[in-house]
Every structure is written in structure tokens, then in C-alpha cells.
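Heads up, the thing below is written out as C-alpha cells.
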Amino acid sequence: MPDALTQALATPGLIWLLFTIGLAGIVRGFSGFGTALIFVPVANIFLEPKTVVTVIALTGVASNAVVLPRAWGQASRGEVGLLVLAALV
């Protein structure tokens with residue numbers, strides 16, 4: 001694990017990547033979307049495309065996991081279920 005951390009900290013442009021993902025998170029917090037629109041162009045300068053896709057997917061899953069408990073309590077499960085059935089068709 002220390003080797004992986006050392007390698008991650010040696011990523012070129014790490015400061016720019018952290019700043020950009022932070023800004024993208026703020027935009028997502030206000031608008032509900034737009035993380036990839038902000039992060040991907042900057043990240044592609046410093047990282048391989050497959051790494052960028054992995055990072056943006058993992059941050060999306062993590063951010064959804066944060067809001068899921070509160071959203072689950074407020075959801076109208078009947079309406080959501082109907083939407084899911086329509087989407088499956």
C-alpha cells in the first residue's frame with residue numbers, strides 16, 4: 001500500500017487534479033450534474049483516458065452513496081417503481 005500511495009502522490013499535475021475535482025464537486029452540489037464536464041478535460045491532460053473514466057465513475061458512485069440514505073427516506077417508492085418498470089421496457 002505505501003508504494004501505491006507514493007505512486008499516487010507522484011502523479012503529475014496532482015494539485016490541478018485535486019483543485020478541479022473539488023470545483024466539479026461544488027458544481028455538482030449546486031446543479032446535480034456537470035462533474036465530468038469540468039473534470040474530464042483537465043484530467044485528460046495529466047492522466048490516461050482509462051484512468052480518467054475510472055476516477056470519474058468512482059467519484060460518481062461515492063457521491064451517490066452519500067445522498068442515498070436521505071433520498072431513500074424521502075422517495076415515493078410506488079412512483080419510482082413505476083418509472084423503473086417503464087425504463088426496463
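Identifiers in this document derive from the order of the C-alpha cells: chains are assigned A, B, ..., residues are numbered from 1 separately in each chain, and ligands are numbered from 1 in order of occurrence.
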
Nearby residues (only C-alpha atoms) at most 9 Å from stretch 37-49 of chain A, same-chain spacing under 2 positions excluded, as a PyMOL selection string
chain A and resi 11-14+16-17+20-21+23-24+27+33-35+51-54+56

Convert the current residue selection to file output with N, CA, C and O atoms, as a CSV table (one decimal), in the first residue's frame.
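What follows is the written file out17.csv:
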chain,number,residue,atom,x,y,z
A,11,THR,N,1.8,11.6,-9.0
A,11,THR,CA,1.1,11.9,-10.3
A,11,THR,C,1.4,13.3,-10.7
A,11,THR,O,1.2,14.3,-10.0
A,12,PRO,N,1.7,13.5,-12.0
A,12,PRO,CA,2.0,14.8,-12.5
A,12,PRO,C,0.7,15.6,-12.5
A,12,PRO,O,-0.4,15.1,-12.9
A,13,GLY,N,0.7,16.9,-12.1
A,13,GLY,CA,-0.5,17.7,-12.1
A,13,GLY,C,-1.4,17.4,-10.9
A,13,GLY,O,-2.6,17.8,-11.0
A,14,LEU,N,-1.0,16.7,-9.9
A,14,LEU,CA,-1.9,16.3,-8.8
A,14,LEU,C,-2.6,17.5,-8.2
A,14,LEU,O,-3.8,17.4,-7.9
A,16,TRP,N,-3.5,20.3,-9.6
A,16,TRP,CA,-4.6,20.7,-10.6
A,16,TRP,C,-5.7,19.7,-10.6
A,16,TRP,O,-6.9,20.1,-10.7
A,17,LEU,N,-5.4,18.4,-10.5
A,17,LEU,CA,-6.5,17.4,-10.5
A,17,LEU,C,-7.3,17.6,-9.2
A,17,LEU,O,-8.6,17.5,-9.3
A,20,THR,N,-9.5,20.7,-9.5
A,20,THR,CA,-10.5,20.5,-10.5
A,20,THR,C,-11.6,19.6,-10.0
A,20,THR,O,-12.8,19.9,-10.2
A,21,ILE,N,-11.3,18.5,-9.3
A,21,ILE,CA,-12.3,17.6,-8.8
A,21,ILE,C,-13.1,18.3,-7.7
A,21,ILE,O,-14.3,18.1,-7.5
A,23,LEU,N,-13.7,21.6,-7.5
A,23,LEU,CA,-14.6,22.5,-8.2
A,23,LEU,C,-15.8,21.8,-8.8
A,23,LEU,O,-16.9,22.2,-8.8
A,24,ALA,N,-15.5,20.6,-9.4
A,24,ALA,CA,-16.5,19.8,-10.1
A,24,ALA,C,-17.5,19.3,-9.0
A,24,ALA,O,-18.7,19.3,-9.3
A,27,VAL,N,-19.8,22.2,-8.2
A,27,VAL,CA,-20.8,22.4,-9.3
A,27,VAL,C,-21.9,21.4,-9.2
A,27,VAL,O,-23.1,21.6,-9.3
A,33,PHE,N,-25.4,17.9,-11.6
A,33,PHE,CA,-24.7,17.3,-12.7
A,33,PHE,C,-23.5,18.2,-13.1
A,33,PHE,O,-23.3,19.2,-12.5
A,34,GLY,N,-22.7,17.8,-14.0
A,34,GLY,CA,-21.6,18.6,-14.5
A,34,GLY,C,-20.2,18.2,-14.1
A,34,GLY,O,-19.3,18.8,-14.5
A,35,THR,N,-20.1,17.2,-13.2
A,35,THR,CA,-18.8,16.8,-12.7
A,35,THR,C,-17.9,16.4,-13.8
A,35,THR,O,-16.8,16.9,-13.9
A,51,THR,N,-7.9,5.8,-17.0
A,51,THR,CA,-7.8,6.2,-15.6
A,51,THR,C,-8.8,7.3,-15.3
A,51,THR,O,-9.4,7.3,-14.3
A,52,VAL,N,-9.0,8.2,-16.3
A,52,VAL,CA,-9.9,9.3,-16.1
A,52,VAL,C,-11.4,8.8,-16.0
A,52,VAL,O,-12.1,9.2,-15.1
A,53,VAL,N,-11.7,7.8,-16.8
A,53,VAL,CA,-13.0,7.2,-16.8
A,53,VAL,C,-13.2,6.5,-15.4
A,53,VAL,O,-14.3,6.6,-14.8
A,54,THR,N,-12.2,5.8,-15.0
A,54,THR,CA,-12.3,5.1,-13.7
A,54,THR,C,-12.5,6.1,-12.5
A,54,THR,O,-13.3,5.9,-11.7
A,56,ILE,N,-13.7,9.2,-12.6
A,56,ILE,CA,-15.0,9.9,-12.6
A,56,ILE,C,-16.1,8.9,-12.3
A,56,ILE,O,-17.1,9.3,-11.6

Report the distance between atom CA of A:Leu68 and atom CA of A:Ile26 in Å, rounded to one decimal place.
18.0 Å

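Residue nearest A:Thr59, chosen from A:Leu5, A:Leu83, A:Ile15, A:Ala36 and counting only C-alpha atoms: A:Ala36.
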
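Of note, atom CA of A:Ala4 and atom CA of A:Gly25 are spaced 24.5 Å apart.
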